[in-house]
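Peer 1: Contents of query-v8.pdb (PDB, C-alpha atoms and all ligand atoms) are below:
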```pdb
MODEL        1
ATOM      1  CA  MET A   1       0.000   0.000   0.000  1.00  0.00           C
ATOM      2  CA  THR A   2       1.157   3.509  -0.772  1.00  0.00           C
ATOM      3  CA  GLU A   3      -0.433   6.541   0.842  1.00  0.00           C
ATOM      4  CA  PHE A   4      -0.168   9.994  -0.603  1.00  0.00           C
ATOM      5  CA  VAL A   5      -2.251  13.024  -1.514  1.00  0.00           C
ATOM      6  CA  VAL A   6      -3.539  13.648  -5.018  1.00  0.00           C
ATOM      7  CA  ASN A   7      -5.119  16.975  -5.851  1.00  0.00           C
ATOM      8  CA  GLY A   8      -5.803  17.606  -2.173  1.00  0.00           C
ATOM      9  CA  GLU A   9      -7.337  14.204  -1.415  1.00  0.00           C
ATOM     10  CA  ALA A  10      -5.625  11.472   0.590  1.00  0.00           C
ATOM     11  CA  VAL A  11      -5.427   8.193  -1.328  1.00  0.00           C
ATOM     12  CA  THR A  12      -4.269   4.699  -0.477  1.00  0.00           C
ATOM     13  CA  VAL A  13      -3.186   2.638  -3.451  1.00  0.00           C
ATOM     14  CA  ASP A  14      -2.769  -1.118  -3.583  1.00  0.00           C
ATOM     15  CA  ALA A  15      -0.109  -1.476  -6.266  1.00  0.00           C
ATOM     16  CA  ALA A  16       3.338  -3.017  -6.438  1.00  0.00           C
ATOM     17  CA  PRO A  17       5.863  -0.450  -5.147  1.00  0.00           C
ATOM     18  CA  ASP A  18       7.616  -0.286  -8.514  1.00  0.00           C
ATOM     19  CA  THR A  19       4.434   0.462 -10.439  1.00  0.00           C
ATOM     20  CA  SER A  20       4.857   3.785 -12.178  1.00  0.00           C
ATOM     21  CA  LEU A  21       3.077   6.755 -10.674  1.00  0.00           C
ATOM     22  CA  LEU A  22       1.661   7.384 -14.155  1.00  0.00           C
ATOM     23  CA  PHE A  23      -0.185   4.060 -14.270  1.00  0.00           C
ATOM     24  CA  VAL A  24      -1.378   4.453 -10.700  1.00  0.00           C
ATOM     25  CA  LEU A  25      -2.819   7.867 -11.541  1.00  0.00           C
ATOM     26  CA  ARG A  26      -4.442   6.662 -14.743  1.00  0.00           C
ATOM     27  CA  ASP A  27      -5.491   3.097 -13.959  1.00  0.00           C
ATOM     28  CA  HIS A  28      -6.037   3.072 -10.199  1.00  0.00           C
ATOM     29  CA  LEU A  29      -7.296   6.603  -9.687  1.00  0.00           C
ATOM     30  CA  GLY A  30      -8.917   7.326 -13.054  1.00  0.00           C
ATOM     31  CA  LEU A  31      -6.962  10.535 -13.602  1.00  0.00           C
ATOM     32  CA  THR A  32      -6.437  10.126 -17.324  1.00  0.00           C
ATOM     33  CA  GLY A  33      -5.460  13.715 -18.067  1.00  0.00           C
ATOM     34  CA  THR A  34      -1.820  12.718 -17.595  1.00  0.00           C
ATOM     35  CA  LYS A  35      -0.580  10.910 -20.706  1.00  0.00           C
ATOM     36  CA  PHE A  36       1.825   8.128 -21.572  1.00  0.00           C
ATOM     37  CA  GLY A  37       4.168   9.044 -24.405  1.00  0.00           C
ATOM     38  CA  CYS A  38       7.665   7.590 -24.439  1.00  0.00           C
ATOM     39  CA  GLY A  39       7.940   6.050 -20.988  1.00  0.00           C
ATOM     40  CA  ALA A  40      11.557   7.168 -20.856  1.00  0.00           C
ATOM     41  CA  THR A  41      11.827  10.845 -19.768  1.00  0.00           C
ATOM     42  CA  MET A  42      12.033  11.974 -23.386  1.00  0.00           C
ATOM     43  CA  CYS A  43       8.676  13.631 -24.067  1.00  0.00           C
ATOM     44  CA  GLY A  44       7.140  15.087 -20.904  1.00  0.00           C
ATOM     45  CA  ALA A  45       3.571  13.973 -21.677  1.00  0.00           C
ATOM     46  CA  CYS A  46       3.432  12.412 -18.201  1.00  0.00           C
ATOM     47  CA  THR A  47       4.493  15.528 -16.272  1.00  0.00           C
ATOM     48  CA  VAL A  48       2.857  15.999 -12.859  1.00  0.00           C
ATOM     49  CA  HIS A  49       3.964  17.857  -9.745  1.00  0.00           C
ATOM     50  CA  VAL A  50       5.311  15.896  -6.781  1.00  0.00           C
ATOM     51  CA  ASP A  51       5.646  18.247  -3.826  1.00  0.00           C
ATOM     52  CA  GLY A  52       5.618  21.061  -6.356  1.00  0.00           C
ATOM     53  CA  VAL A  53       8.417  19.681  -8.512  1.00  0.00           C
ATOM     54  CA  PRO A  54       7.650  18.830 -12.154  1.00  0.00           C
ATOM     55  CA  THR A  55       8.168  15.085 -12.389  1.00  0.00           C
ATOM     56  CA  PHE A  56       8.112  12.447 -15.118  1.00  0.00           C
ATOM     57  CA  ALA A  57       5.407  10.169 -13.707  1.00  0.00           C
ATOM     58  CA  CYS A  58       6.270   7.444 -16.248  1.00  0.00           C
ATOM     59  CA  VAL A  59       9.565   6.616 -14.537  1.00  0.00           C
ATOM     60  CA  THR A  60       8.617   7.466 -10.961  1.00  0.00           C
ATOM     61  CA  PRO A  61       7.811   4.361  -8.884  1.00  0.00           C
ATOM     62  CA  VAL A  62       4.688   4.929  -6.831  1.00  0.00           C
ATOM     63  CA  GLU A  63       6.645   4.145  -3.668  1.00  0.00           C
ATOM     64  CA  MET A  64       8.541   7.411  -4.240  1.00  0.00           C
ATOM     65  CA  ALA A  65       5.249   9.244  -3.804  1.00  0.00           C
ATOM     66  CA  GLU A  66       4.676   7.893  -0.288  1.00  0.00           C
ATOM     67  CA  GLY A  67       3.589  10.837   1.859  1.00  0.00           C
ATOM     68  CA  ALA A  68       3.936  13.295  -1.015  1.00  0.00           C
ATOM     69  CA  GLU A  69       1.517  15.822  -2.448  1.00  0.00           C
ATOM     70  CA  VAL A  70       0.862  15.057  -6.103  1.00  0.00           C
ATOM     71  CA  THR A  71      -0.891  17.506  -8.401  1.00  0.00           C
ATOM     72  CA  THR A  72      -2.181  16.540 -11.833  1.00  0.00           C
ATOM     73  CA  ILE A  73      -3.829  18.595 -14.556  1.00  0.00           C
ATOM     74  CA  GLU A  74      -7.213  17.751 -13.019  1.00  0.00           C
ATOM     75  CA  GLY A  75      -6.279  19.529  -9.779  1.00  0.00           C
ATOM     76  CA  LEU A  76      -4.067  22.317 -11.063  1.00  0.00           C
ATOM     77  CA  GLY A  77      -6.709  25.041 -10.865  1.00  0.00           C
ATOM     78  CA  ALA A  78      -7.538  24.244  -7.259  1.00  0.00           C
ATOM     79  CA  ALA A  79      -3.902  23.782  -6.247  1.00  0.00           C
ATOM     80  CA  LEU A  80      -2.281  26.791  -7.861  1.00  0.00           C
ATOM     81  CA  GLY A  81      -5.053  28.700  -9.574  1.00  0.00           C
ATOM     82  CA  ASP A  82      -8.054  30.603  -8.364  1.00  0.00           C
ATOM     83  CA  GLY A  83     -10.576  27.778  -8.395  1.00  0.00           C
ATOM     84  CA  GLU A  84     -11.657  25.738 -11.367  1.00  0.00           C
ATOM     85  CA  THR A  85      -8.967  26.914 -13.733  1.00  0.00           C
ATOM     86  CA  HIS A  86      -5.387  28.056 -13.623  1.00  0.00           C
ATOM     87  CA  LYS A  87      -4.390  31.216 -15.476  1.00  0.00           C
ATOM     88  CA  LEU A  88      -2.325  29.058 -17.816  1.00  0.00           C
ATOM     89  CA  GLN A  89      -5.413  27.065 -18.762  1.00  0.00           C
ATOM     90  CA  ARG A  90      -7.225  30.303 -19.578  1.00  0.00           C
ATOM     91  CA  ALA A  91      -4.232  31.530 -21.588  1.00  0.00           C
ATOM     92  CA  TRP A  92      -4.098  28.160 -23.393  1.00  0.00           C
ATOM     93  CA  VAL A  93      -7.694  28.663 -24.485  1.00  0.00           C
ATOM     94  CA  ALA A  94      -7.136  32.293 -25.463  1.00  0.00           C
ATOM     95  CA  GLU A  95      -4.130  31.398 -27.602  1.00  0.00           C
ATOM     96  CA  GLN A  96      -5.832  28.249 -28.980  1.00  0.00           C
ATOM     97  CA  VAL A  97      -2.681  26.298 -28.218  1.00  0.00           C
ATOM     98  CA  PRO A  98      -3.567  22.609 -28.697  1.00  0.00           C
ATOM     99  CA  GLN A  99      -3.658  20.751 -31.957  1.00  0.00           C
ATOM    100  CA  CYS A 100      -4.166  17.037 -31.236  1.00  0.00           C
ATOM    101  CA  GLY A 101      -3.896  17.856 -27.532  1.00  0.00           C
ATOM    102  CA  TYR A 102      -1.978  14.776 -26.440  1.00  0.00           C
ATOM    103  CA  CYS A 103       1.052  16.582 -25.032  1.00  0.00           C
ATOM    104  CA  GLN A 104      -0.810  19.531 -23.597  1.00  0.00           C
ATOM    105  CA  SER A 105      -1.470  18.560 -20.000  1.00  0.00           C
ATOM    106  CA  GLY A 106       2.221  17.829 -19.562  1.00  0.00           C
ATOM    107  CA  GLN A 107       3.074  21.159 -21.174  1.00  0.00           C
ATOM    108  CA  ILE A 108       0.760  23.054 -18.836  1.00  0.00           C
ATOM    109  CA  MET A 109       2.063  21.258 -15.749  1.00  0.00           C
ATOM    110  CA  ARG A 110       5.654  22.140 -16.628  1.00  0.00           C
ATOM    111  CA  ALA A 111       4.695  25.728 -17.400  1.00  0.00           C
ATOM    112  CA  ALA A 112       2.834  25.998 -14.082  1.00  0.00           C
ATOM    113  CA  ALA A 113       5.912  24.899 -12.174  1.00  0.00           C
ATOM    114  CA  LEU A 114       7.962  27.459 -14.089  1.00  0.00           C
ATOM    115  CA  LEU A 115       5.621  30.325 -13.187  1.00  0.00           C
ATOM    116  CA  GLU A 116       5.573  29.257  -9.533  1.00  0.00           C
ATOM    117  CA  GLU A 117       9.356  29.519  -9.436  1.00  0.00           C
ATOM    118  CA  ASN A 118       9.730  32.434 -11.822  1.00  0.00           C
ATOM    119  CA  PRO A 119       6.549  34.500 -12.285  1.00  0.00           C
ATOM    120  CA  ASN A 120       8.042  36.655 -15.042  1.00  0.00           C
ATOM    121  CA  PRO A 121      10.290  34.448 -17.150  1.00  0.00           C
ATOM    122  CA  THR A 122      12.064  35.759 -20.212  1.00  0.00           C
ATOM    123  CA  ARG A 123      11.280  34.169 -23.564  1.00  0.00           C
ATOM    124  CA  GLU A 124      14.639  32.417 -23.400  1.00  0.00           C
ATOM    125  CA  GLU A 125      13.833  31.004 -19.951  1.00  0.00           C
ATOM    126  CA  ILE A 126      10.450  29.801 -21.186  1.00  0.00           C
ATOM    127  CA  VAL A 127      11.949  28.073 -24.208  1.00  0.00           C
ATOM    128  CA  ASP A 128      14.713  26.530 -22.110  1.00  0.00           C
ATOM    129  CA  THR A 129      12.322  25.165 -19.480  1.00  0.00           C
ATOM    130  CA  MET A 130       9.761  23.934 -21.969  1.00  0.00           C
ATOM    131  CA  SER A 131      12.394  22.064 -23.968  1.00  0.00           C
ATOM    132  CA  ALA A 132      11.757  19.134 -21.610  1.00  0.00           C
ATOM    133  CA  ASN A 133       8.343  18.670 -23.224  1.00  0.00           C
ATOM    134  CA  LEU A 134       7.877  17.647 -26.846  1.00  0.00           C
ATOM    135  CA  CYS A 135       4.939  18.420 -29.119  1.00  0.00           C
ATOM    136  CA  ARG A 136       4.643  16.352 -32.279  1.00  0.00           C
ATOM    137  CA  CYS A 137       2.157  18.901 -33.625  1.00  0.00           C
ATOM    138  CA  GLY A 138       4.649  21.753 -33.280  1.00  0.00           C
ATOM    139  CA  THR A 139       2.544  24.053 -31.120  1.00  0.00           C
ATOM    140  CA  TYR A 140       5.684  25.552 -29.568  1.00  0.00           C
ATOM    141  CA  PRO A 141       5.109  29.187 -30.657  1.00  0.00           C
ATOM    142  CA  ARG A 142       1.599  29.166 -29.186  1.00  0.00           C
ATOM    143  CA  ILE A 143       2.850  27.533 -25.977  1.00  0.00           C
ATOM    144  CA  VAL A 144       5.365  30.349 -25.521  1.00  0.00           C
ATOM    145  CA  ARG A 145       2.710  32.997 -26.241  1.00  0.00           C
ATOM    146  CA  ALA A 146       0.310  31.414 -23.743  1.00  0.00           C
ATOM    147  CA  ILE A 147       2.927  31.345 -20.993  1.00  0.00           C
ATOM    148  CA  GLU A 148       3.781  34.990 -21.679  1.00  0.00           C
ATOM    149  CA  ARG A 149       0.073  35.864 -21.572  1.00  0.00           C
ATOM    150  CA  ALA A 150      -0.437  34.036 -18.272  1.00  0.00           C
ATOM    151  CA  ALA A 151       2.643  35.683 -16.763  1.00  0.00           C
ATOM    152  CA  LYS A 152       1.125  39.103 -17.518  1.00  0.00           C
ATOM    153  CA  GLU A 153      -2.133  38.196 -15.772  1.00  0.00           C
ATOM    154  CA  VAL A 154      -2.073  39.638 -12.263  1.00  0.00           C
TER     155      VAL A 154
HETATM  156  S1  LIG A 201       5.881   9.440 -21.051  1.00  0.00           S
HETATM  157 FE1  LIG A 201       7.078  10.203 -19.442  1.00  0.00          FE
HETATM  158  S2  LIG A 201       8.565  11.455 -20.415  1.00  0.00           S
HETATM  159 FE2  LIG A 201       7.464  10.559 -22.050  1.00  0.00          FE
HETATM  160  S1  LIG A 202      -0.689  19.143 -29.612  1.00  0.00           S
HETATM  161 FE1  LIG A 202      -0.347  17.248 -30.611  1.00  0.00          FE
HETATM  162  S2  LIG A 202       1.478  16.506 -29.684  1.00  0.00           S
HETATM  163 FE2  LIG A 202       1.275  18.493 -28.894  1.00  0.00          FE
ENDMDL
END
```
Could you express the structure from this file as structure tokens?
Peer 2:
Amino acid sequence: MTEFVVNGEAVTVDAAPDTSLLFVLRDHLGLTGTKFGCGATMCGACTVHVDGVPTFACVTPVEMAEGAEVTTIEGLGAALGDGETHKLQRAWVAEQVPQCGYCQSGQIMRAAALLEENPNPTREEIVDTMSANLCRCGTYPRIVRAIERAAKEV
């Protein structure tokens, strides 16, 4: 059994300790907003926050989450936003960022961690941070614009 907090709710999960946090979130807890891409820290589709740190859930054994606070895209607005949505989610809509959408929750989670640490990043800092997350559809320019828009929102 592993006990931790997901999006503000305490959970107890009956999974082998080496089960990836990603599969626990998706298959045990039904939080399917976090995606499986490469399974090898190469794409960022699985990005969640563990104690506020952007983390590749695909390679994180669930035992590492024992006692931690995990935030997924489903809980981002409540955790770091002002209720139902986070300012990044609103900026994502305003800039019409997604194409197929598959990578986008991971992109937003990484961007949210960036703005927590650095509320007014330069374009270079945004590009550097977001290079951990790939988008096969090439939405990179819109991702950068959305982060800049969210950073300007007071
Ligand atoms: S699925 Fe985790 S980094 Fe690609
Ligand atoms: S929107 Fe399709 S992979 Fe990023």
Peer 1: Which protein, DNA or RNA residues have an atom within 6 Å of ligand LIG 201 (chain A), counting only C-alpha atoms and all ligand atoms, as a PyMOL selection string?
Peer 2: chain A and resi 36-46+56-58
Peer 1: Could you tell me which residues the PyMOL selection byres (((chain A and resi 69) around 10) and not hetatm) returns for this structure, as an MDAnalysis selection string?
Peer 2: chainID A and resid 4:10 49:53 65:68 70:71
Peer 1: Exactly which residues make up the result of the PyMOL selection byres (((not hetatm)) within 8 of (chain A and resi 202)) on this file, given as a list in words?
Peer 2: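 Written out, the selection comes to Val97, Pro98, Gln99, Cys100, Gly101, Tyr102, Cys103, Gln104, Leu134, Cys135, Arg136, Cys137, Gly138 and Thr139 of chain A.
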Peer 1: Residues as selected, C-alpha atoms, written as an mmCIF file, in the coordinates of the input, can you do that?
Peer 2:
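Once written, out-v3.cif looks like this:
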```cif
data_model
loop_
_atom_site.group_PDB
_atom_site.id
_atom_site.type_symbol
_atom_site.label_atom_id
_atom_site.label_comp_id
_atom_site.auth_asym_id
_atom_site.auth_seq_id
_atom_site.Cartn_x
_atom_site.Cartn_y
_atom_site.Cartn_z
ATOM 1 C CA VAL A 97 -2.681 26.298 -28.218
ATOM 2 C CA PRO A 98 -3.567 22.609 -28.697
ATOM 3 C CA GLN A 99 -3.658 20.751 -31.957
ATOM 4 C CA CYS A 100 -4.166 17.037 -31.236
ATOM 5 C CA GLY A 101 -3.896 17.856 -27.532
ATOM 6 C CA TYR A 102 -1.978 14.776 -26.440
ATOM 7 C CA CYS A 103 1.052 16.582 -25.032
ATOM 8 C CA GLN A 104 -0.810 19.531 -23.597
ATOM 9 C CA LEU A 134 7.877 17.647 -26.846
ATOM 10 C CA CYS A 135 4.939 18.420 -29.119
ATOM 11 C CA ARG A 136 4.643 16.352 -32.279
ATOM 12 C CA CYS A 137 2.157 18.901 -33.625
ATOM 13 C CA GLY A 138 4.649 21.753 -33.280
ATOM 14 C CA THR A 139 2.544 24.053 -31.120
#
```
Peer 1: What gap, in Å, lies between CA of Met109 (chain A) and CA of Thr12 (chain A)?
Peer 2: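 We find that CA of Met109 (chain A) and CA of Thr12 (chain A) lie 23.4 Å from each other.
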Peer 1: For the point (12.3, 30.3, -27.3) in file coordinates, what residues are within 12 Å, counting all atoms listed in the file? Give the answer as a PyMOL selection string?
Peer 2: chain A and resi 121-131+140-145+147-148
Peer 1: For the file shown, what are the residues hit by the PyMOL selection byres (((chain A and resi 74) around 10) and not hetatm), laid out as a PDB file with C-alpha atoms, keeping the file's coordinate frame?
Peer 2:
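Now in selection_13.pdb:
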```pdb
ATOM      1  CA  VAL A   6      -3.539  13.648  -5.018  1.00  0.00           C
ATOM      2  CA  ASN A   7      -5.119  16.975  -5.851  1.00  0.00           C
ATOM      3  CA  LEU A  31      -6.962  10.535 -13.602  1.00  0.00           C
ATOM      4  CA  THR A  32      -6.437  10.126 -17.324  1.00  0.00           C
ATOM      5  CA  GLY A  33      -5.460  13.715 -18.067  1.00  0.00           C
ATOM      6  CA  THR A  34      -1.820  12.718 -17.595  1.00  0.00           C
ATOM      7  CA  THR A  71      -0.891  17.506  -8.401  1.00  0.00           C
ATOM      8  CA  THR A  72      -2.181  16.540 -11.833  1.00  0.00           C
ATOM      9  CA  ILE A  73      -3.829  18.595 -14.556  1.00  0.00           C
ATOM     10  CA  GLY A  75      -6.279  19.529  -9.779  1.00  0.00           C
ATOM     11  CA  LEU A  76      -4.067  22.317 -11.063  1.00  0.00           C
ATOM     12  CA  GLY A  77      -6.709  25.041 -10.865  1.00  0.00           C
ATOM     13  CA  ALA A  78      -7.538  24.244  -7.259  1.00  0.00           C
ATOM     14  CA  ALA A  79      -3.902  23.782  -6.247  1.00  0.00           C
ATOM     15  CA  GLU A  84     -11.657  25.738 -11.367  1.00  0.00           C
ATOM     16  CA  THR A  85      -8.967  26.914 -13.733  1.00  0.00           C
ATOM     17  CA  SER A 105      -1.470  18.560 -20.000  1.00  0.00           C
TER      18      SER A 105
END
```
Peer 1: To one decimal in Å, tell me the separation between CA of Pro119 (chain A) and CA of Gln89 (chain A).
Peer 2: 15.5 Å
Peer 1: Ranking A:Asp82, A:Thr19, A:Ala94, A:Leu88 by minimum distance to Val59 (chain A) and counting only C-alpha atoms, which one comes first?
Peer 2: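 Of A:Asp82, A:Thr19, A:Ala94, A:Leu88, the one nearest Val59 (chain A) is A:Thr19, counting only C-alpha atoms.
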Peer 1: What does the distance between CA of Gln96 (chain A) and CA of Val48 (chain A) come to in Å, to one decimal place?
Peer 2: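 So the two atoms, CA of Gln96 (chain A) and CA of Val48 (chain A), lie 22.0 Å apart.
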Peer 1: Have a look at A:Thr47, A:Val93, A:Lys35, A:Asp14 and name the one nearest to Val62 (chain A); count only C-alpha atoms.
Peer 2: A:Asp14
Peer 1: Counting all atoms listed in the file, find residues at most 8 Å from (6.5, 1.8, -0.3) (file frame) and give them as a PyMOL selection string.
Peer 2: chain A and resi 1-2+17+62-64+66
Peer 1: Given all atoms listed in the file as the basis, pick out the residue of A:Ala15, A:Val24, A:Ala112, A:Gln107 nearest to His86 (chain A).
Peer 2: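 Of A:Ala15, A:Val24, A:Ala112, A:Gln107, the one nearest His86 (chain A) is A:Ala112, counting all atoms listed in the file.
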Peer 1: Which residue is closest to Phe23 (chain A)? Choose from A:Glu3, A:Thr60, A:Pro54, A:Ala150 and count all atoms listed in the file.
Peer 2: A:Thr60
Peer 1: Could you name the residues that touch Asn120 (chain A) at 8 Å or less, counting only C-alpha atoms, but leaving out those on the same chain fewer than 2 positions away, as a PDB file with C-alpha atoms, keeping the file's coordinate frame?
Peer 2:
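Written output follows (selection.pdb):
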```pdb
ATOM      1  CA  LEU A 115       5.621  30.325 -13.187  1.00  0.00           C
ATOM      2  CA  ASN A 118       9.730  32.434 -11.822  1.00  0.00           C
ATOM      3  CA  THR A 122      12.064  35.759 -20.212  1.00  0.00           C
ATOM      4  CA  ALA A 151       2.643  35.683 -16.763  1.00  0.00           C
ATOM      5  CA  LYS A 152       1.125  39.103 -17.518  1.00  0.00           C
TER       6      LYS A 152
END
```
Peer 1: Taking only C-alpha atoms into account, name the residue in A:Leu22, A:Val11, A:Leu29, A:Glu117 that is nearest to Thr55 (chain A).
Peer 2: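 Closest to Thr55 (chain A) of all the choices is A:Leu22.
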Peer 1: Taking only C-alpha atoms into account, name the residue in A:Ala146, A:Arg110, A:Gly81, A:Val13 that is nearest to Glu95 (chain A).
Peer 2: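 Of all the options, A:Ala146 lies closest to Glu95 (chain A).
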Peer 1: What box, with edges along x, y and z, holds each listed atom of region 54-62 of chain A when 5 Å is added on every side, and can you state its centre and edge lengths in Å to one decimal, as AutoDock Vina command-line options?
Peer 2:
```
--center_x 7.1 --center_y 11.6 --center_z -11.5 --size_x 14.9 --size_y 24.5 --size_z 19.4
```
